[in-house]
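Printed here is model_16.cif (mmCIF, C-alpha atoms and all ligand atoms):
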data_start
#
loop_
_atom_site.label_atom_id
_atom_site.label_comp_id
_atom_site.auth_asym_id
_atom_site.auth_seq_id
_atom_site.Cartn_x
_atom_site.Cartn_y
_atom_site.Cartn_z
CA MET A 1 -17.67 -28.04 -14.21
CA GLU A 2 -15.52 -30.53 -12.36
CA ILE A 3 -11.88 -30.09 -11.40
CA LYS A 4 -9.28 -32.84 -10.97
CA ARG A 5 -5.71 -32.44 -9.83
CA LEU A 6 -3.11 -34.54 -11.63
CA ASP A 7 -0.11 -36.06 -9.87
CA LEU A 8 2.72 -35.63 -12.36
CA GLY A 9 5.62 -36.70 -10.14
CA HIS A 10 8.17 -34.41 -8.60
CA LEU A 11 11.44 -32.63 -9.12
CA TYR A 12 14.20 -31.30 -6.91
CA VAL A 13 15.25 -27.71 -6.43
CA THR A 14 18.41 -27.87 -4.34
CA ALA A 15 17.56 -30.50 -1.67
CA HIS A 16 13.78 -30.00 -1.70
CA ALA A 17 11.33 -32.24 -3.52
CA TRP A 18 8.65 -30.22 -5.28
CA PRO A 19 5.46 -31.91 -6.44
CA VAL A 20 4.37 -31.29 -10.04
CA HIS A 21 0.64 -30.88 -10.63
CA GLY A 22 -1.49 -30.29 -13.67
CA TYR A 23 -5.26 -29.84 -13.65
CA VAL A 24 -8.16 -31.21 -15.62
CA ILE A 25 -11.31 -29.15 -16.00
CA LEU A 26 -14.27 -31.24 -17.12
CA HIS A 27 -16.33 -28.60 -18.88
CA GLU A 28 -19.85 -28.98 -20.26
CA GLN A 29 -19.12 -27.14 -23.52
CA LEU A 30 -15.37 -27.42 -23.95
CA GLY A 31 -14.90 -31.07 -22.99
CA VAL A 32 -11.73 -32.08 -21.16
CA VAL A 33 -9.48 -29.04 -20.66
CA LEU A 34 -5.96 -29.77 -19.40
CA VAL A 35 -3.94 -27.07 -17.70
CA ASP A 36 -0.22 -28.00 -18.02
CA THR A 37 1.12 -31.38 -19.10
CA GLY A 38 4.03 -32.17 -16.73
CA CYS A 39 7.74 -32.80 -17.17
CA GLY A 40 9.58 -33.63 -20.35
CA GLY A 41 12.42 -32.30 -22.43
CA PRO A 42 16.15 -32.66 -22.85
CA ASP A 43 17.81 -35.31 -20.65
CA GLU A 44 20.27 -32.84 -19.15
CA VAL A 45 17.41 -30.66 -17.87
CA LEU A 46 15.55 -33.64 -16.38
CA ARG A 47 18.79 -34.79 -14.77
CA HIS A 48 19.58 -31.34 -13.39
CA TYR A 49 16.20 -31.22 -11.57
CA LYS A 50 16.38 -34.94 -10.65
CA VAL A 51 12.92 -35.35 -12.14
CA VAL A 52 10.91 -38.32 -10.92
CA ASN A 53 8.38 -38.27 -13.68
CA ARG A 54 4.88 -39.60 -13.97
CA THR A 55 3.44 -39.82 -17.42
CA VAL A 56 0.45 -37.64 -18.10
CA ALA A 57 -1.30 -40.78 -19.38
CA ASP A 58 -0.92 -42.42 -15.94
CA ALA A 59 -2.00 -39.21 -14.18
CA LEU A 60 -5.11 -38.96 -16.37
CA ALA A 61 -5.85 -42.67 -15.87
CA ASP A 62 -6.17 -41.98 -12.11
CA HIS A 63 -9.35 -40.13 -13.11
CA GLY A 64 -10.58 -42.58 -15.74
CA LEU A 65 -9.27 -40.44 -18.62
CA ALA A 66 -6.77 -40.94 -21.45
CA PRO A 67 -4.76 -38.36 -23.44
CA ILE A 68 -7.09 -38.78 -26.45
CA ASP A 69 -10.02 -37.57 -24.30
CA VAL A 70 -8.37 -34.17 -23.84
CA THR A 71 -9.96 -31.56 -26.11
CA MET A 72 -7.86 -28.51 -25.19
CA VAL A 73 -4.49 -27.93 -23.54
CA ILE A 74 -3.55 -24.66 -21.86
CA ASN A 75 0.13 -24.21 -21.05
CA THR A 76 0.55 -21.63 -18.30
CA HIS A 77 4.07 -21.19 -19.65
CA LEU A 78 6.73 -23.10 -21.56
CA HIS A 79 9.02 -24.33 -18.80
CA PHE A 80 9.85 -28.03 -19.11
CA ASP A 81 7.67 -29.04 -16.14
CA HIS A 82 4.54 -27.43 -17.63
CA CYS A 83 4.73 -28.26 -21.34
CA GLY A 84 7.02 -31.30 -21.26
CA GLN A 85 4.36 -33.81 -22.21
CA ASN A 86 2.61 -31.69 -24.85
CA PRO A 87 3.55 -34.25 -27.54
CA ALA A 88 0.86 -36.57 -26.07
CA PHE A 89 -1.76 -34.03 -27.22
CA ALA A 90 -0.99 -33.51 -30.91
CA HIS A 91 -4.76 -33.90 -31.54
CA ALA A 92 -5.70 -30.91 -29.37
CA PRO A 93 -5.08 -27.15 -29.57
CA LEU A 94 -2.19 -26.03 -27.32
CA LEU A 95 -2.94 -22.54 -26.02
CA VAL A 96 -0.05 -20.36 -24.99
CA GLN A 97 0.55 -16.61 -24.84
CA ARG A 98 2.20 -15.13 -27.92
CA ALA A 99 4.70 -13.38 -25.61
CA GLU A 100 5.67 -16.74 -24.09
CA HIS A 101 6.23 -18.31 -27.48
CA GLU A 102 8.34 -15.31 -28.48
CA ARG A 103 10.33 -15.72 -25.25
CA ILE A 104 11.35 -19.29 -26.00
CA VAL A 105 12.18 -18.51 -29.62
CA ARG A 106 14.42 -15.72 -28.33
CA ALA A 107 15.95 -17.87 -25.56
CA ARG A 108 17.45 -20.42 -27.96
CA ASP A 109 18.24 -22.72 -25.04
CA ASP A 110 18.01 -26.51 -24.70
CA VAL A 111 14.32 -26.44 -23.82
CA SER A 112 13.36 -24.14 -26.69
CA ALA A 113 15.35 -26.28 -29.13
CA TRP A 114 13.56 -29.35 -27.78
CA ILE A 115 10.15 -27.70 -28.19
CA GLU A 116 11.02 -26.69 -31.73
CA ALA A 117 12.28 -30.16 -32.65
CA SER A 118 9.13 -31.77 -31.21
CA GLY A 119 7.04 -30.09 -33.92
CA MET A 120 4.45 -28.80 -31.42
CA THR A 121 2.15 -26.23 -32.95
CA PHE A 122 0.64 -23.68 -30.63
CA GLU A 123 -2.47 -21.57 -30.76
CA LEU A 124 -1.21 -18.15 -29.68
CA VAL A 125 -3.24 -16.04 -27.26
CA ASP A 126 -2.80 -12.27 -26.79
CA GLY A 127 -3.66 -11.38 -23.20
CA SER A 128 -7.09 -12.36 -21.92
CA ARG A 129 -9.36 -14.77 -23.76
CA ALA A 130 -12.81 -16.02 -22.79
CA LEU A 131 -13.05 -19.74 -23.59
CA ALA A 132 -16.60 -20.02 -22.26
CA PRO A 133 -18.81 -17.77 -20.11
CA ASP A 134 -17.32 -19.41 -17.00
CA LEU A 135 -13.74 -20.03 -18.09
CA ARG A 136 -11.07 -17.61 -19.21
CA ILE A 137 -7.37 -17.15 -19.70
CA VAL A 138 -5.65 -14.13 -18.18
CA ALA A 139 -2.09 -12.95 -18.75
CA SER A 140 0.00 -13.06 -15.56
CA PRO A 141 3.56 -12.21 -16.64
CA GLY A 142 6.55 -12.05 -14.34
CA HIS A 143 7.49 -15.67 -13.59
CA THR A 144 8.16 -15.66 -17.33
CA SER A 145 7.40 -12.78 -19.68
CA GLY A 146 4.47 -14.64 -21.26
CA HIS A 147 3.01 -16.48 -18.28
CA GLN A 148 -0.78 -16.97 -18.16
CA SER A 149 -3.31 -18.25 -15.62
CA VAL A 150 -6.81 -19.70 -15.93
CA VAL A 151 -9.88 -18.38 -14.12
CA ALA A 152 -13.02 -20.47 -13.65
CA THR A 153 -16.34 -19.44 -12.14
CA THR A 154 -17.87 -22.40 -10.32
CA GLY A 155 -20.48 -22.94 -7.62
CA ARG A 156 -17.75 -22.20 -5.06
CA GLY A 157 -16.88 -18.82 -6.58
CA ILE A 158 -13.74 -17.98 -8.54
CA GLU A 159 -11.22 -20.80 -8.90
CA LEU A 160 -7.77 -19.79 -10.04
CA PHE A 161 -5.31 -22.08 -11.83
CA ILE A 162 -2.33 -19.96 -11.05
CA GLY A 163 0.43 -21.84 -12.88
CA ASP A 164 3.76 -20.65 -11.50
CA ALA A 165 2.60 -17.08 -10.77
CA ALA A 166 2.97 -18.36 -7.19
CA TYR A 167 4.71 -21.70 -6.64
CA THR A 168 2.99 -22.31 -3.32
CA ARG A 169 0.24 -21.07 -1.02
CA ALA A 170 2.96 -19.52 1.19
CA VAL A 171 4.15 -17.31 -1.68
CA TRP A 172 0.53 -16.43 -2.55
CA GLU A 173 -0.33 -15.49 1.01
CA LYS A 174 2.78 -13.39 1.54
CA ALA A 175 2.03 -11.74 -1.83
CA GLY A 176 5.69 -11.67 -2.65
CA ALA A 177 6.91 -10.11 0.58
CA GLY A 178 10.17 -11.47 1.93
CA ARG A 179 12.60 -13.71 0.14
CA LEU A 180 11.26 -15.36 -2.99
CA PRO A 181 11.95 -18.99 -3.86
CA GLU A 182 14.59 -19.50 -6.54
CA GLY A 183 13.16 -18.89 -9.99
CA GLN A 184 9.84 -17.45 -8.79
CA ALA A 185 10.13 -14.19 -10.70
CA GLU A 186 12.14 -13.51 -13.85
CA ASP A 187 10.97 -9.88 -13.56
CA VAL A 188 10.06 -9.06 -9.95
CA GLU A 189 8.15 -5.80 -10.55
CA THR A 190 6.01 -7.28 -13.32
CA TRP A 191 5.47 -10.39 -11.22
CA ARG A 192 4.26 -8.37 -8.22
CA GLY A 193 1.80 -6.52 -10.47
CA SER A 194 0.40 -9.81 -11.81
CA LEU A 195 0.05 -11.23 -8.32
CA ALA A 196 -1.88 -8.10 -7.25
CA ASN A 197 -4.20 -8.52 -10.28
CA LEU A 198 -4.82 -12.17 -9.42
CA LYS A 199 -5.46 -11.31 -5.75
CA ALA A 200 -8.01 -8.71 -6.86
CA LEU A 201 -10.08 -11.58 -8.31
CA ALA A 202 -10.57 -12.73 -4.70
CA PRO A 203 -10.49 -16.41 -5.64
CA ALA A 204 -12.31 -18.87 -3.40
CA ARG A 205 -9.72 -21.50 -4.33
CA VAL A 206 -6.24 -21.31 -5.81
CA HIS A 207 -4.82 -24.38 -7.55
CA PHE A 208 -1.00 -24.49 -7.36
CA CYS A 209 1.41 -26.52 -9.49
CA HIS A 210 4.16 -27.01 -6.87
CA ASP A 211 2.36 -27.12 -3.52
CA GLY A 212 1.67 -30.28 -1.54
ZN ZN A 301 6.95 -25.03 -12.60
#
Written as structure tokens, that's how I'd like the structure from this file.
Amino acid sequence: MEIKRLDLGHLYVTAHAWPVHGYVILHEQLGVVLVDTGCGGPDEVLRHYKVVNRTVADALADHGLAPIDVTMVINTHLHFDHCGQNPAFAHAPLLVQRAEHERIVRARDDVSAWIEASGMTFELVDGSRALAPDLRIVASPGHTSGHQSVVATTGRGIELFIGDAAYTRAVWEKAGAGRLPEGQAEDVETWRGSLANLKALAPARVHFCHDG
């Protein structure tokens, strides 16, 4: 298994620029697995976050890959900066938690309307799912009610693709003590529980979406 980090541009939360990262897992059995697709969605949302976007095609090309090479997409959740370029992967299954899909249907906001209009079809996952003996999805709700993370077992040990269950290493290391960054937890108690579960995996490496 090989892991590549994708540079998908950045966005602004108040005055701070946040990088946006997705990850490619080159897997012997599953092919090219993409975790999160970067920013896209309604103009007013992109404008609000002053998104400086990079297309997922350009980000993949940095690693000699193209969207058509991707065999599976896992969306950690359905915020615009994680599923925004899903339309580039109409040929691949898009795996998302059922609870997350229900959340956006219920939300009826600009992003959910955009997702609906895009015609994306999701493969819905209920909780944990083994994709291969060394790769699995785990539910990690709290940032959103249907958030999920991806756990790989590599030669280094456990590698965790955390999604937005912790925006940054600082949040991960403090385990949610102190003041949380804006938007970190929709439901703080549930979020703390998920973070404790992820910590219990004792990952050798954690791959963040919004850390430098
Ligand atoms: Zn995010």
Let me have all residues with an atom within 9 Å of ligand ZN 301 (chain A), counting all atoms listed in the file, laid out as a VMD selection string. chain A and resid 20 to 21 38 77 79 to 82 163 to 164 167 184 209 to 210
Taking (3.6, -33.7, -9.8) in the file's coordinates as the center, which residues reach within 12 Å of it, counting all atoms listed in the file, put as a ChimeraX atom specification? /A:5-12,17-23,36-39,51-56,58-59,81-82,208-212
Output the selection as a compact mmCIF listing (two decimals), in the frame of the given file - C-alpha atoms for each residue.
# COMPACT_ATOMS: atom_id res chain seq x y z
CA ARG A 5 -5.71 -32.44 -9.83
CA LEU A 6 -3.11 -34.54 -11.63
CA ASP A 7 -0.11 -36.06 -9.87
CA LEU A 8 2.72 -35.63 -12.36
CA GLY A 9 5.62 -36.70 -10.14
CA HIS A 10 8.17 -34.41 -8.60
CA LEU A 11 11.44 -32.63 -9.12
CA TYR A 12 14.20 -31.30 -6.91
CA ALA A 17 11.33 -32.24 -3.52
CA TRP A 18 8.65 -30.22 -5.28
CA PRO A 19 5.46 -31.91 -6.44
CA VAL A 20 4.37 -31.29 -10.04
CA HIS A 21 0.64 -30.88 -10.63
CA GLY A 22 -1.49 -30.29 -13.67
CA TYR A 23 -5.26 -29.84 -13.65
CA ASP A 36 -0.22 -28.00 -18.02
CA THR A 37 1.12 -31.38 -19.10
CA GLY A 38 4.03 -32.17 -16.73
CA CYS A 39 7.74 -32.80 -17.17
CA VAL A 51 12.92 -35.35 -12.14
CA VAL A 52 10.91 -38.32 -10.92
CA ASN A 53 8.38 -38.27 -13.68
CA ARG A 54 4.88 -39.60 -13.97
CA THR A 55 3.44 -39.82 -17.42
CA VAL A 56 0.45 -37.64 -18.10
CA ASP A 58 -0.92 -42.42 -15.94
CA ALA A 59 -2.00 -39.21 -14.18
CA ASP A 81 7.67 -29.04 -16.14
CA HIS A 82 4.54 -27.43 -17.63
CA PHE A 208 -1.00 -24.49 -7.36
CA CYS A 209 1.41 -26.52 -9.49
CA HIS A 210 4.16 -27.01 -6.87
CA ASP A 211 2.36 -27.12 -3.52
CA GLY A 212 1.67 -30.28 -1.54
Within 10 Å of Gly41 in chain A using all atoms listed in the file, minus same-chain residues under 3 positions, as number ranges by chain: A: 44-46, 79-81, 83-85, 110-115, 118
Find, counting all atoms listed in the file, the residue in A:Leu201, A:Val13, A:Ala152, A:Ala132 that gets nearest to Gly183 in chain A.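 When distances to Gly183 in chain A are compared using all atoms listed in the file, the smallest one comes from A:Val13.
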Go ahead and compute the interatomic distance for CA of Glu2 in chain A and CA of Leu26 in chain A, in Å to one decimal.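 Distance reported for this atom pair: 5.0 Å.
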Per residue of range 84-155 of chain A within 6 Å of range 186-199 of chain A, what are the shortest atom pair and its distance in Å to one decimal, counting only C-alpha atoms, with rows by chain and residue number, as a Markdown table?
| residue | atom | partner | partner_atom | distance |
| --- | --- | --- | --- | --- |
| A:Ser140 | CA | A:Ser194 | CA | 5.0 |
| A:Gly142 | CA | A:Trp191 | CA | 3.7 |
| A:His143 | CA | A:Glu186 | CA | 5.1 |
| A:Thr144 | CA | A:Glu186 | CA | 5.7 |
Shell around range 93-106 of chain A at 10 Å using all atoms listed in the file, local window under 3 positions removed, as a PyMOL selection string: chain A and resi 34-36+70-79+83+86+89-90+109-113+115-116+120-128+137-141+144-148
Counting all atoms listed in the file, what is within 6 Å of Val24 in chain A, bar same-chain residues fewer than 4 positions away, as a VMD selection string? chain A and resid 3 to 4 33 to 34
So which one's closest to Ala57 in chain A, A:Ala88, A:Val150, A:Val206, A:Ala177? Using all atoms listed in the file, please.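 Once distances to Ala57 in chain A are computed over all atoms listed in the file, the minimum belongs to A:Ala88.
CA of Pro87 in chain A to CA of Glu159 in chain A spans 27.3 Å [interatomic distance, one decimal].
Pairwise distance (CA of Arg156 in chain A, CA of Ala204 in chain A) equals 6.6 Å.
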Please return the centre and edge lengths, in Å to one decimal, of a box with edges along x, y and z that contains all listed atoms of range 75-78 of chain A, widened by 5 Å on every side, as AutoDock Vina command-line options.
--center_x 3.4 --center_y -22.7 --center_z -19.9 --size_x 16.6 --size_y 13.0 --size_z 13.3
Complete range 73-96 of chain A with N, CA, C and O atoms (output as an mmCIF file, in the coordinates of the input).
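Final output, selection-v4.cif:
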data_model
loop_
_atom_site.group_PDB
_atom_site.id
_atom_site.type_symbol
_atom_site.label_atom_id
_atom_site.label_comp_id
_atom_site.auth_asym_id
_atom_site.auth_seq_id
_atom_site.Cartn_x
_atom_site.Cartn_y
_atom_site.Cartn_z
ATOM 1 N N VAL A 73 -5.585 -28.043 -24.503
ATOM 2 C CA VAL A 73 -4.490 -27.930 -23.540
ATOM 3 C C VAL A 73 -4.152 -26.450 -23.385
ATOM 4 O O VAL A 73 -4.038 -25.724 -24.376
ATOM 5 N N ILE A 74 -4.027 -26.022 -22.147
ATOM 6 C CA ILE A 74 -3.550 -24.660 -21.860
ATOM 7 C C ILE A 74 -2.210 -24.805 -21.147
ATOM 8 O O ILE A 74 -2.139 -25.458 -20.107
ATOM 9 N N ASN A 75 -1.176 -24.238 -21.725
ATOM 10 C CA ASN A 75 0.130 -24.210 -21.050
ATOM 11 C C ASN A 75 0.249 -22.866 -20.340
ATOM 12 O O ASN A 75 0.239 -21.819 -21.001
ATOM 13 N N THR A 76 0.394 -22.900 -18.998
ATOM 14 C CA THR A 76 0.550 -21.630 -18.300
ATOM 15 C C THR A 76 1.822 -20.920 -18.770
ATOM 16 O O THR A 76 1.866 -19.698 -18.829
ATOM 17 N N HIS A 77 2.844 -21.728 -19.079
ATOM 18 C CA HIS A 77 4.070 -21.190 -19.650
ATOM 19 C C HIS A 77 4.866 -22.360 -20.201
ATOM 20 O O HIS A 77 4.455 -23.517 -20.058
ATOM 21 N N LEU A 78 6.013 -22.053 -20.836
ATOM 22 C CA LEU A 78 6.730 -23.100 -21.560
ATOM 23 C C LEU A 78 8.001 -23.543 -20.846
ATOM 24 O O LEU A 78 9.003 -23.840 -21.488
ATOM 25 N N HIS A 79 7.957 -23.629 -19.529
ATOM 26 C CA HIS A 79 9.020 -24.330 -18.800
ATOM 27 C C HIS A 79 8.792 -25.831 -18.941
ATOM 28 O O HIS A 79 7.661 -26.286 -19.129
ATOM 29 N N PHE A 80 9.890 -26.590 -18.800
ATOM 30 C CA PHE A 80 9.850 -28.030 -19.110
ATOM 31 C C PHE A 80 8.867 -28.817 -18.242
ATOM 32 O O PHE A 80 8.407 -29.885 -18.642
ATOM 33 N N ASP A 81 8.550 -28.288 -17.050
ATOM 34 C CA ASP A 81 7.670 -29.040 -16.140
ATOM 35 C C ASP A 81 6.199 -28.675 -16.348
ATOM 36 O O ASP A 81 5.334 -29.177 -15.633
ATOM 37 N N HIS A 82 5.924 -27.833 -17.339
ATOM 38 C CA HIS A 82 4.540 -27.430 -17.630
ATOM 39 C C HIS A 82 4.102 -27.792 -19.039
ATOM 40 O O HIS A 82 2.914 -27.960 -19.291
ATOM 41 N N CYS A 83 5.079 -27.918 -19.949
ATOM 42 C CA CYS A 83 4.730 -28.260 -21.340
ATOM 43 C C CYS A 83 5.431 -29.528 -21.800
ATOM 44 O O CYS A 83 5.335 -29.901 -22.966
ATOM 45 N N GLY A 84 6.128 -30.205 -20.878
ATOM 46 C CA GLY A 84 7.020 -31.300 -21.260
ATOM 47 C C GLY A 84 6.335 -32.489 -21.896
ATOM 48 O O GLY A 84 6.960 -33.255 -22.629
ATOM 49 N N GLN A 85 5.051 -32.673 -21.605
ATOM 50 C CA GLN A 85 4.360 -33.810 -22.210
ATOM 51 C C GLN A 85 3.309 -33.368 -23.246
ATOM 52 O O GLN A 85 2.396 -34.122 -23.592
ATOM 53 N N ASN A 86 3.482 -32.163 -23.769
ATOM 54 C CA ASN A 86 2.610 -31.690 -24.850
ATOM 55 C C ASN A 86 2.538 -32.671 -26.031
ATOM 56 O O ASN A 86 1.472 -32.778 -26.648
ATOM 57 N N PRO A 87 3.644 -33.371 -26.368
ATOM 58 C CA PRO A 87 3.550 -34.250 -27.540
ATOM 59 C C PRO A 87 2.448 -35.327 -27.429
ATOM 60 O O PRO A 87 2.026 -35.864 -28.447
ATOM 61 N N ALA A 88 1.960 -35.606 -26.219
ATOM 62 C CA ALA A 88 0.860 -36.570 -26.070
ATOM 63 C C ALA A 88 -0.475 -35.992 -26.550
ATOM 64 O O ALA A 88 -1.470 -36.711 -26.621
ATOM 65 N N PHE A 89 -0.485 -34.697 -26.894
ATOM 66 C CA PHE A 89 -1.760 -34.030 -27.220
ATOM 67 C C PHE A 89 -1.711 -33.362 -28.602
ATOM 68 O O PHE A 89 -2.235 -32.270 -28.800
ATOM 69 N N ALA A 90 -1.105 -34.065 -29.552
ATOM 70 C CA ALA A 90 -0.990 -33.510 -30.910
ATOM 71 C C ALA A 90 -2.378 -33.307 -31.535
ATOM 72 O O ALA A 90 -2.520 -32.541 -32.484
ATOM 73 N N HIS A 91 -3.394 -33.993 -30.994
ATOM 74 C CA HIS A 91 -4.760 -33.900 -31.540
ATOM 75 C C HIS A 91 -5.519 -32.682 -31.020
ATOM 76 O O HIS A 91 -6.637 -32.421 -31.462
ATOM 77 N N ALA A 92 -4.953 -31.978 -30.057
ATOM 78 C CA ALA A 92 -5.700 -30.910 -29.370
ATOM 79 C C ALA A 92 -5.003 -29.564 -29.580
ATOM 80 O O ALA A 92 -3.785 -29.516 -29.761
ATOM 81 N N PRO A 93 -5.755 -28.455 -29.539
ATOM 82 C CA PRO A 93 -5.080 -27.150 -29.570
ATOM 83 C C PRO A 93 -4.264 -26.939 -28.300
ATOM 84 O O PRO A 93 -4.682 -27.339 -27.212
ATOM 85 N N LEU A 94 -3.078 -26.340 -28.447
ATOM 86 C CA LEU A 94 -2.190 -26.030 -27.320
ATOM 87 C C LEU A 94 -2.165 -24.512 -27.191
ATOM 88 O O LEU A 94 -1.592 -23.830 -28.040
ATOM 89 N N LEU A 95 -2.796 -23.993 -26.153
ATOM 90 C CA LEU A 95 -2.940 -22.540 -26.020
ATOM 91 C C LEU A 95 -1.851 -21.948 -25.142
ATOM 92 O O LEU A 95 -1.673 -22.357 -23.984
ATOM 93 N N VAL A 96 -1.134 -21.007 -25.725
ATOM 94 C CA VAL A 96 -0.050 -20.360 -24.990
ATOM 95 C C VAL A 96 -0.045 -18.876 -25.370
ATOM 96 O O VAL A 96 -0.516 -18.517 -26.456
#
